[in-house]
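Enquirer: Provided below: final06.cif, containing mmCIF, C-alpha atoms.
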```
data_coords
#
loop_
_atom_site.group_PDB
_atom_site.id
_atom_site.type_symbol
_atom_site.label_atom_id
_atom_site.label_comp_id
_atom_site.auth_asym_id
_atom_site.auth_seq_id
_atom_site.Cartn_x
_atom_site.Cartn_y
_atom_site.Cartn_z
ATOM 1 C CA ARG Y 398 7.243 9.200 14.776
ATOM 2 C CA LYS Y 399 5.566 6.977 12.213
ATOM 3 C CA GLU Y 400 2.042 7.906 11.224
ATOM 4 C CA VAL Y 401 0.750 4.369 11.611
ATOM 5 C CA GLU Y 402 2.323 1.774 13.887
ATOM 6 C CA GLN Y 403 1.586 -1.921 14.071
ATOM 7 C CA ASP Y 404 2.824 -4.911 16.027
ATOM 8 C CA PRO Y 405 4.701 -6.857 13.353
ATOM 9 C CA GLY Y 406 3.855 -10.220 14.950
ATOM 10 C CA PRO Y 407 3.955 -12.897 13.802
ATOM 11 C CA PHE Y 408 0.735 -14.161 15.340
ATOM 12 C CA ASN Y 409 0.785 -17.929 15.012
ATOM 13 C CA VAL Y 410 -2.654 -19.401 15.641
ATOM 14 C CA PRO Y 411 -4.338 -22.777 15.076
ATOM 15 C CA GLU Y 412 -7.207 -23.153 12.653
ATOM 16 C CA GLY Y 413 -10.471 -22.132 14.220
ATOM 17 C CA ALA Y 414 -8.911 -19.759 16.722
ATOM 18 C CA THR Y 415 -9.661 -16.085 17.110
ATOM 19 C CA VAL Y 416 -6.867 -13.583 16.603
ATOM 20 C CA ALA Y 417 -6.943 -9.851 17.159
ATOM 21 C CA PHE Y 418 -4.437 -7.061 16.765
ATOM 22 C CA ASN Y 419 -4.320 -3.296 16.871
ATOM 23 C CA CYS Y 420 -2.738 -0.428 15.098
ATOM 24 C CA THR Y 421 -2.162 3.080 16.448
ATOM 25 C CA TYR Y 422 -2.168 6.298 14.494
ATOM 26 C CA SER Y 423 -0.623 9.619 15.403
ATOM 27 C CA ASN Y 424 -2.808 12.151 13.618
ATOM 28 C CA SER Y 425 -6.091 12.808 15.376
ATOM 29 C CA ALA Y 426 -7.392 14.513 12.209
ATOM 30 C CA SER Y 427 -7.133 11.350 10.108
ATOM 31 C CA GLN Y 428 -10.349 10.949 8.215
ATOM 32 C CA SER Y 429 -10.690 7.316 7.263
ATOM 33 C CA PHE Y 430 -9.091 4.000 7.993
ATOM 34 C CA PHE Y 431 -8.766 0.698 6.189
ATOM 35 C CA TRP Y 432 -7.319 -2.753 6.543
ATOM 36 C CA TYR Y 433 -5.510 -4.124 3.516
ATOM 37 C CA ARG Y 434 -4.319 -7.691 3.174
ATOM 38 C CA GLN Y 435 -1.028 -8.593 1.514
ATOM 39 C CA ASP Y 436 -0.106 -12.176 0.721
ATOM 40 C CA CYS Y 437 3.556 -13.108 0.453
ATOM 41 C CA ARG Y 438 5.114 -11.547 -2.636
ATOM 42 C CA LYS Y 439 1.742 -10.226 -3.797
ATOM 43 C CA GLU Y 440 0.160 -6.798 -3.983
ATOM 44 C CA PRO Y 441 -2.001 -5.332 -1.189
ATOM 45 C CA LYS Y 442 -5.756 -5.717 -1.530
ATOM 46 C CA LEU Y 443 -8.495 -3.962 0.383
ATOM 47 C CA LEU Y 444 -9.922 -6.153 3.122
ATOM 48 C CA MET Y 445 -12.338 -3.700 4.690
ATOM 49 C CA SER Y 446 -12.963 -0.103 5.582
ATOM 50 C CA VAL Y 447 -13.169 0.873 9.251
ATOM 51 C CA TYR Y 448 -16.170 2.917 10.287
ATOM 52 C CA SER Y 449 -16.595 4.883 13.483
ATOM 53 C CA SER Y 450 -19.356 2.570 14.615
ATOM 54 C CA GLY Y 451 -17.296 -0.514 13.867
ATOM 55 C CA ASN Y 452 -18.079 -2.925 11.119
ATOM 56 C CA GLU Y 453 -18.177 -6.607 10.449
ATOM 57 C CA ASP Y 454 -17.660 -8.598 7.284
ATOM 58 C CA GLY Y 455 -18.144 -12.275 7.799
ATOM 59 C CA ARG Y 456 -15.455 -13.491 10.163
ATOM 60 C CA PHE Y 457 -13.696 -10.134 10.227
ATOM 61 C CA THR Y 458 -14.544 -7.294 12.619
ATOM 62 C CA ALA Y 459 -12.901 -3.871 12.567
ATOM 63 C CA GLN Y 460 -13.189 -1.266 15.302
ATOM 64 C CA LEU Y 461 -12.098 2.358 15.521
ATOM 65 C CA ASN Y 462 -11.317 4.061 18.823
ATOM 66 C CA ARG Y 463 -10.772 7.747 18.123
ATOM 67 C CA ALA Y 464 -10.247 8.671 21.775
ATOM 68 C CA SER Y 465 -7.241 6.364 22.063
ATOM 69 C CA GLN Y 466 -6.305 6.641 18.390
ATOM 70 C CA TYR Y 467 -6.208 2.995 17.495
ATOM 71 C CA ILE Y 468 -8.008 0.615 15.201
ATOM 72 C CA SER Y 469 -8.348 -3.105 15.592
ATOM 73 C CA LEU Y 470 -8.983 -6.148 13.473
ATOM 74 C CA LEU Y 471 -10.413 -9.378 14.808
ATOM 75 C CA ILE Y 472 -10.540 -12.608 12.842
ATOM 76 C CA ARG Y 473 -12.846 -15.338 14.091
ATOM 77 C CA ASP Y 474 -12.687 -19.014 13.171
ATOM 78 C CA SER Y 475 -9.307 -18.579 11.458
ATOM 79 C CA LYS Y 476 -8.722 -20.415 8.192
ATOM 80 C CA LEU Y 477 -5.419 -21.461 6.672
ATOM 81 C CA SER Y 478 -6.176 -18.990 3.886
ATOM 82 C CA ASP Y 479 -6.162 -16.110 6.391
ATOM 83 C CA SER Y 480 -2.367 -16.396 6.609
ATOM 84 C CA ALA Y 481 -1.113 -13.050 5.334
ATOM 85 C CA THR Y 482 0.206 -9.666 6.373
ATOM 86 C CA TYR Y 483 -2.491 -7.203 7.404
ATOM 87 C CA LEU Y 484 -1.709 -3.570 6.669
ATOM 88 C CA CYS Y 485 -3.320 -0.816 8.705
ATOM 89 C CA VAL Y 486 -3.995 2.250 6.569
ATOM 90 C CA GLU Y 487 -5.082 5.800 7.332
ATOM 91 C CA PHE Y 488 -6.347 8.429 4.913
ATOM 92 C CA ASN Y 489 -5.137 11.890 5.774
ATOM 93 C CA ASP Y 490 -3.765 14.886 3.934
ATOM 94 C CA TYR Y 491 -5.189 13.510 0.662
ATOM 95 C CA LYS Y 492 -3.177 10.298 0.754
ATOM 96 C CA LEU Y 493 -3.033 6.842 2.269
ATOM 97 C CA SER Y 494 -0.357 6.017 4.823
ATOM 98 C CA PHE Y 495 0.390 2.349 5.379
ATOM 99 C CA GLY Y 496 1.661 0.639 8.477
ATOM 100 C CA ALA Y 497 4.404 -1.948 8.185
ATOM 101 C CA GLY Y 498 1.904 -4.759 8.665
ATOM 102 C CA THR Y 499 1.048 -7.515 11.128
ATOM 103 C CA THR Y 500 1.834 -11.035 10.000
ATOM 104 C CA VAL Y 501 -0.661 -13.766 10.815
ATOM 105 C CA THR Y 502 0.104 -17.432 10.282
ATOM 106 C CA VAL Y 503 -2.702 -19.946 10.712
ATOM 107 C CA ARG Y 504 -1.544 -23.522 11.198
ATOM 108 C CA ALA Y 505 -3.449 -26.742 10.683
ATOM 109 C CA GLU J 1438 -12.295 -6.375 -15.709
ATOM 110 C CA ALA J 1439 -8.571 -6.013 -16.308
ATOM 111 C CA GLY J 1440 -6.520 -4.984 -13.310
ATOM 112 C CA VAL J 1441 -3.527 -2.687 -13.012
ATOM 113 C CA ALA J 1442 -0.739 -3.862 -15.289
ATOM 114 C CA GLN J 1443 2.956 -3.373 -14.551
ATOM 115 C CA SER J 1444 6.148 -4.320 -16.299
ATOM 116 C CA PRO J 1445 8.711 -5.616 -15.945
ATOM 117 C CA ARG J 1446 7.942 -7.905 -13.009
ATOM 118 C CA TYR J 1447 11.590 -8.245 -12.040
ATOM 119 C CA LYS J 1448 14.679 -6.171 -12.727
ATOM 120 C CA ILE J 1449 18.269 -6.568 -11.582
ATOM 121 C CA ILE J 1450 20.712 -3.739 -12.231
ATOM 122 C CA GLU J 1451 24.003 -2.484 -10.892
ATOM 123 C CA LYS J 1452 24.265 0.699 -8.881
ATOM 124 C CA ARG J 1453 24.535 3.869 -10.925
ATOM 125 C CA GLN J 1454 22.587 2.301 -13.786
ATOM 126 C CA SER J 1455 19.186 3.572 -14.899
ATOM 127 C CA VAL J 1456 15.882 1.731 -14.837
ATOM 128 C CA ALA J 1457 12.297 2.433 -15.860
ATOM 129 C CA PHE J 1458 9.017 0.883 -14.817
ATOM 130 C CA TRP J 1459 5.718 1.022 -16.666
ATOM 131 C CA CYS J 1460 2.164 1.010 -15.331
ATOM 132 C CA ASN J 1461 -1.236 0.881 -17.022
ATOM 133 C CA PRO J 1462 -4.071 1.591 -14.568
ATOM 134 C CA ILE J 1463 -7.608 0.292 -14.616
ATOM 135 C CA SER J 1464 -9.567 1.896 -17.422
ATOM 136 C CA GLY J 1465 -11.382 5.017 -16.274
ATOM 137 C CA HIS J 1466 -9.355 5.528 -13.102
ATOM 138 C CA ALA J 1467 -8.265 9.144 -12.999
ATOM 139 C CA THR J 1468 -5.851 8.801 -10.112
ATOM 140 C CA LEU J 1469 -2.599 6.851 -10.325
ATOM 141 C CA TYR J 1470 -0.071 6.249 -7.567
ATOM 142 C CA TRP J 1471 3.465 4.941 -7.408
ATOM 143 C CA TYR J 1472 4.606 3.355 -4.161
ATOM 144 C CA GLN J 1473 7.923 1.989 -2.957
ATOM 145 C CA GLN J 1474 7.764 -1.017 -0.644
ATOM 146 C CA ILE J 1475 11.012 -1.992 1.036
ATOM 147 C CA LEU J 1476 11.152 -5.486 2.531
ATOM 148 C CA GLY J 1477 9.462 -5.547 5.933
ATOM 149 C CA GLN J 1478 7.802 -2.164 5.494
ATOM 150 C CA GLY J 1479 4.484 -0.908 4.247
ATOM 151 C CA PRO J 1480 4.130 0.802 0.879
ATOM 152 C CA LYS J 1481 5.360 4.398 0.846
ATOM 153 C CA LEU J 1482 3.767 6.839 -1.580
ATOM 154 C CA LEU J 1483 6.248 8.322 -4.045
ATOM 155 C CA ILE J 1484 3.978 10.253 -6.370
ATOM 156 C CA GLN J 1485 0.290 10.719 -7.123
ATOM 157 C CA PHE J 1486 -1.202 11.800 -10.447
ATOM 158 C CA GLN J 1487 -4.687 12.957 -11.237
ATOM 159 C CA ASN J 1488 -5.091 12.514 -14.973
ATOM 160 C CA ASN J 1489 -1.781 13.828 -16.330
ATOM 161 C CA GLY J 1490 -1.047 16.243 -13.485
ATOM 162 C CA VAL J 1491 1.070 15.663 -10.390
ATOM 163 C CA VAL J 1492 -0.863 16.309 -7.181
ATOM 164 C CA ASP J 1493 1.673 15.018 -4.649
ATOM 165 C CA ASP J 1494 5.338 14.235 -5.135
ATOM 166 C CA SER J 1495 6.528 15.333 -1.713
ATOM 167 C CA GLN J 1496 8.182 11.978 -0.963
ATOM 168 C CA LEU J 1497 9.775 11.465 -4.367
ATOM 169 C CA PRO J 1498 13.609 11.739 -4.283
ATOM 170 C CA LYS J 1499 13.671 14.134 -7.189
ATOM 171 C CA ASP J 1500 17.440 14.078 -7.602
ATOM 172 C CA ARG J 1501 17.187 10.566 -8.990
ATOM 173 C CA PHE J 1502 13.527 9.631 -9.436
ATOM 174 C CA SER J 1503 11.167 10.966 -12.071
ATOM 175 C CA ALA J 1504 7.706 9.976 -13.215
ATOM 176 C CA GLU J 1505 5.314 11.002 -15.924
ATOM 177 C CA ARG J 1506 1.805 10.297 -17.077
ATOM 178 C CA LEU J 1507 1.766 12.244 -20.305
ATOM 179 C CA LYS J 1508 -1.629 11.267 -21.722
ATOM 180 C CA GLY J 1509 -3.369 10.706 -18.408
ATOM 181 C CA VAL J 1510 -3.441 6.950 -18.823
ATOM 182 C CA ASP J 1511 -0.287 4.892 -18.455
ATOM 183 C CA SER J 1512 2.712 6.054 -16.479
ATOM 184 C CA THR J 1513 6.466 5.556 -16.270
ATOM 185 C CA LEU J 1514 8.676 5.779 -13.196
ATOM 186 C CA LYS J 1515 12.414 6.176 -13.739
ATOM 187 C CA ILE J 1516 15.420 5.938 -11.442
ATOM 188 C CA GLN J 1517 18.678 7.481 -12.631
ATOM 189 C CA PRO J 1518 21.174 6.648 -11.215
ATOM 190 C CA ALA J 1519 20.112 3.779 -8.956
ATOM 191 C CA LYS J 1520 21.518 3.258 -5.477
ATOM 192 C CA LEU J 1521 21.672 0.105 -3.384
ATOM 193 C CA GLU J 1522 18.918 1.431 -1.102
ATOM 194 C CA ASP J 1523 16.519 1.612 -4.054
ATOM 195 C CA SER J 1524 16.122 -2.172 -3.918
ATOM 196 C CA ALA J 1525 12.415 -2.607 -3.293
ATOM 197 C CA VAL J 1526 9.118 -3.500 -4.900
ATOM 198 C CA TYR J 1527 7.631 -0.632 -6.872
ATOM 199 C CA LEU J 1528 3.859 -0.797 -6.814
ATOM 200 C CA CYS J 1529 1.506 1.101 -9.047
ATOM 201 C CA ALA J 1530 -2.082 1.646 -7.940
ATOM 202 C CA SER J 1531 -5.127 3.404 -9.307
ATOM 203 C CA SER J 1532 -8.449 4.563 -7.956
ATOM 204 C CA LEU J 1533 -11.658 6.234 -9.038
ATOM 205 C CA ALA J 1534 -11.315 8.823 -6.280
ATOM 206 C CA ARG J 1535 -10.135 12.232 -7.357
ATOM 207 C CA PHE J 1536 -7.612 14.281 -5.411
ATOM 208 C CA GLY J 1537 -9.178 15.456 -2.184
ATOM 209 C CA GLU J 1538 -11.896 12.825 -2.162
ATOM 210 C CA VAL J 1539 -11.812 10.079 0.410
ATOM 211 C CA VAL J 1540 -10.192 7.084 -1.194
ATOM 212 C CA ASN J 1541 -12.529 4.138 -0.941
ATOM 213 C CA GLU J 1542 -10.193 1.658 -2.542
ATOM 214 C CA GLN J 1543 -6.916 1.623 -4.363
ATOM 215 C CA PHE J 1544 -6.247 -1.230 -6.765
ATOM 216 C CA PHE J 1545 -2.641 -2.334 -6.913
ATOM 217 C CA GLY J 1546 -0.672 -3.901 -9.702
ATOM 218 C CA PRO J 1547 1.597 -6.909 -9.099
ATOM 219 C CA GLY J 1548 4.639 -4.668 -8.688
ATOM 220 C CA THR J 1549 8.148 -4.595 -10.082
ATOM 221 C CA ARG J 1550 10.763 -6.167 -7.858
ATOM 222 C CA LEU J 1551 13.999 -4.191 -8.253
ATOM 223 C CA THR J 1552 17.357 -5.448 -7.058
ATOM 224 C CA VAL J 1553 20.296 -3.057 -7.189
ATOM 225 C CA LEU J 1554 23.701 -4.743 -6.891
#
```
Starting from the coordinates I provided, produce the structure as structure tokens.
Expert:
Amino acid sequence: RKEVEQDPGPFNVPEGATVAFNCTYSNSASQSFFWYRQDCRKEPKLLMSVYSSGNEDGRFTAQLNRASQYISLLIRDSKLSDSATYLCVEFNDYKLSFGAGTTVTVRA
Amino acid sequence: EAGVAQSPRYKIIEKRQSVAFWCNPISGHATLYWYQQILGQGPKLLIQFQNNGVVDDSQLPKDRFSAERLKGVDSTLKIQPAKLEDSAVYLCASSLARFGEVVNEQFFGPGTRLTVL
């Protein structure tokens, strides 16, 4: 079983819409979680960390549900520039494990 | 501030040939990582260095892959001999976090796109 699993999408949404997606993780001892963003043919970049209490950064909100072992990312008021692949990442056993990513395409 | 540098950006080789990739991390970052990202998948950690020591190479196919970071700064990843399934993007990353510390952020280089024919 993969450590981190994501719905690959794609999620095709119009500009201004809200889009949300989850990722599940298998190891209940995982210490920290992150969302990374990867544009087509580019390197991953940190979008935000995910805290137990949930956190918000502008239009982006991340939530952690330890009981059900999933994390979520919500994007409000989607922009064309939000089109990317969003990688769910867990930190456990001294290393990061990446999901395969969820692709979001925002259309005009 | 300069980011993580990698070269070459692209490489095409035939199976059974050898290839090497180079990475120069962000200045002052003690920890360096090499990842393999196959199309449609997330990055998979191959090896992690802290300074010039290996702290995790559990997912490195050691029969054909090798890596070194002799002076604790730049690093080289080698594949010898290459197989078709090695076609992927090889990403180098660095971070301030030391082994065992929670990683706040890893900074990735642009990657080397390897095609094995």
Enquirer: From the options Y:Glu440, Y:Asp490, Y:Glu412, Y:Asp454, which residue's atoms come nearest to Asp474 (chain Y), counting all atoms listed in the file?
Expert: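 With all atoms listed in the file as the atom set, the closest residue is Y:Glu412.
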Enquirer: Could you list, with a cut-off of 10 Å and counting only C-alpha atoms, the residues of region 1496-1523 of chain J near region 1527-1543 of chain J, each shown with its nearest atom pair and the distance in Å rounded to one decimal, rows sorted by chain and ascending number, as CSV?
Expert:
```
residue,atom,partner,partner_atom,distance
J:Ser1512,CA,J:Cys1529,CA,9.0
J:Thr1513,CA,J:Cys1529,CA,9.8
J:Leu1514,CA,J:Tyr1527,CA,9.1
J:Asp1523,CA,J:Tyr1527,CA,9.6
```
Enquirer: Which residues would end up in the selection if the PyMOL selection byres ((chain J) within 7 of (chain Y)) were applied here, given that I need the answer as a VMD selection string?
Expert: chain J and resid 1477 to 1480 1536 to 1537 1542 1544 to 1548
Enquirer: Name the residues that the PyMOL selection byres ((chain Y and resi 476) around 8) pulls out of this structure, and write them as a list in words.
Expert: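 Checked against the file, the PyMOL selection byres ((chain Y and resi 476) around 8) matches Glu412, Gly413, Asp474, Ser475, Leu477, Ser478, Asp479, Ser480 and Val503 of chain Y.
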Enquirer: For a quick check of understanding, using all atoms listed in the file, which of Y:Ala481, Y:Ala464, Y:Val447, Y:Val410 has the smallest distance to Ala426 (chain Y)?
Expert: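 Ranking Y:Ala481, Y:Ala464, Y:Val447, Y:Val410 by distance to Ala426 (chain Y), first place goes to Y:Ala464.
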Enquirer: Between CA of Arg504 (chain Y) and CA of Ala414 (chain Y), what distance in Å does the model show, to one decimal?
Expert: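 It comes out at 9.9 Å.
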Enquirer: Rounded to one decimal, what separation in Å do you get between CA of Gln1487 (chain J) and CA of Leu1469 (chain J)?
Expert: 6.5 Å
Enquirer: Around the point (9.7, -7.9, -11.5) in the file's coordinates, collect all residues with an atom within 6 Å, using all atoms listed in the file, and return them as a ChimeraX atom specification.
Expert: /J:1445-1448,1549-1550
Enquirer: Report the residues retrieved by the PyMOL selection byres ((chain J and resi 1506) around 10) from the displayed file, expressed as a PDB file with C-alpha atoms, in the coordinates of the input.
Expert:
```pdb
ATOM      1  CA  CYS J1460       2.164   1.010 -15.331  1.00  0.00           C
ATOM      2  CA  ASN J1461      -1.236   0.881 -17.022  1.00  0.00           C
ATOM      3  CA  LEU J1469      -2.599   6.851 -10.325  1.00  0.00           C
ATOM      4  CA  PHE J1486      -1.202  11.800 -10.447  1.00  0.00           C
ATOM      5  CA  GLN J1487      -4.687  12.957 -11.237  1.00  0.00           C
ATOM      6  CA  ASN J1488      -5.091  12.514 -14.973  1.00  0.00           C
ATOM      7  CA  ASN J1489      -1.781  13.828 -16.330  1.00  0.00           C
ATOM      8  CA  GLY J1490      -1.047  16.243 -13.485  1.00  0.00           C
ATOM      9  CA  VAL J1491       1.070  15.663 -10.390  1.00  0.00           C
ATOM     10  CA  ALA J1504       7.706   9.976 -13.215  1.00  0.00           C
ATOM     11  CA  GLU J1505       5.314  11.002 -15.924  1.00  0.00           C
ATOM     12  CA  LEU J1507       1.766  12.244 -20.305  1.00  0.00           C
ATOM     13  CA  LYS J1508      -1.629  11.267 -21.722  1.00  0.00           C
ATOM     14  CA  GLY J1509      -3.369  10.706 -18.408  1.00  0.00           C
ATOM     15  CA  VAL J1510      -3.441   6.950 -18.823  1.00  0.00           C
ATOM     16  CA  ASP J1511      -0.287   4.892 -18.455  1.00  0.00           C
ATOM     17  CA  SER J1512       2.712   6.054 -16.479  1.00  0.00           C
ATOM     18  CA  THR J1513       6.466   5.556 -16.270  1.00  0.00           C
ATOM     19  CA  LEU J1514       8.676   5.779 -13.196  1.00  0.00           C
TER      20      LEU J1514
END
```
Enquirer: If we count only C-alpha atoms, what is near Pro407 (chain Y) at a cut-off of 7 Å, once residues fewer than 3 positions away on the same chain are taken out, given as a ChimeraX atom specification?
Expert: /Y:499-502
Enquirer: May I ask for the distance between CA of Phe1502 (chain J) and CA of Ile1516 (chain J), given in Å to one decimal place?
Expert: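 Interatomic distance, CA of Phe1502 (chain J) to CA of Ile1516 (chain J): 4.6 Å.
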Enquirer: Closest to Glu1522 (chain J) among J:Leu1483, J:Ile1463, J:Val1553, J:Ala1439, using all atoms listed in the file?
Expert: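 Closest residue, counting all atoms listed in the file: J:Val1553.
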Enquirer: Tell me which of Y:Val416, Y:Glu487, Y:Ser425, Y:Ala505 sits closest to Leu471 (chain Y), counting only C-alpha atoms.
Expert: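 Closest candidate: Y:Val416.
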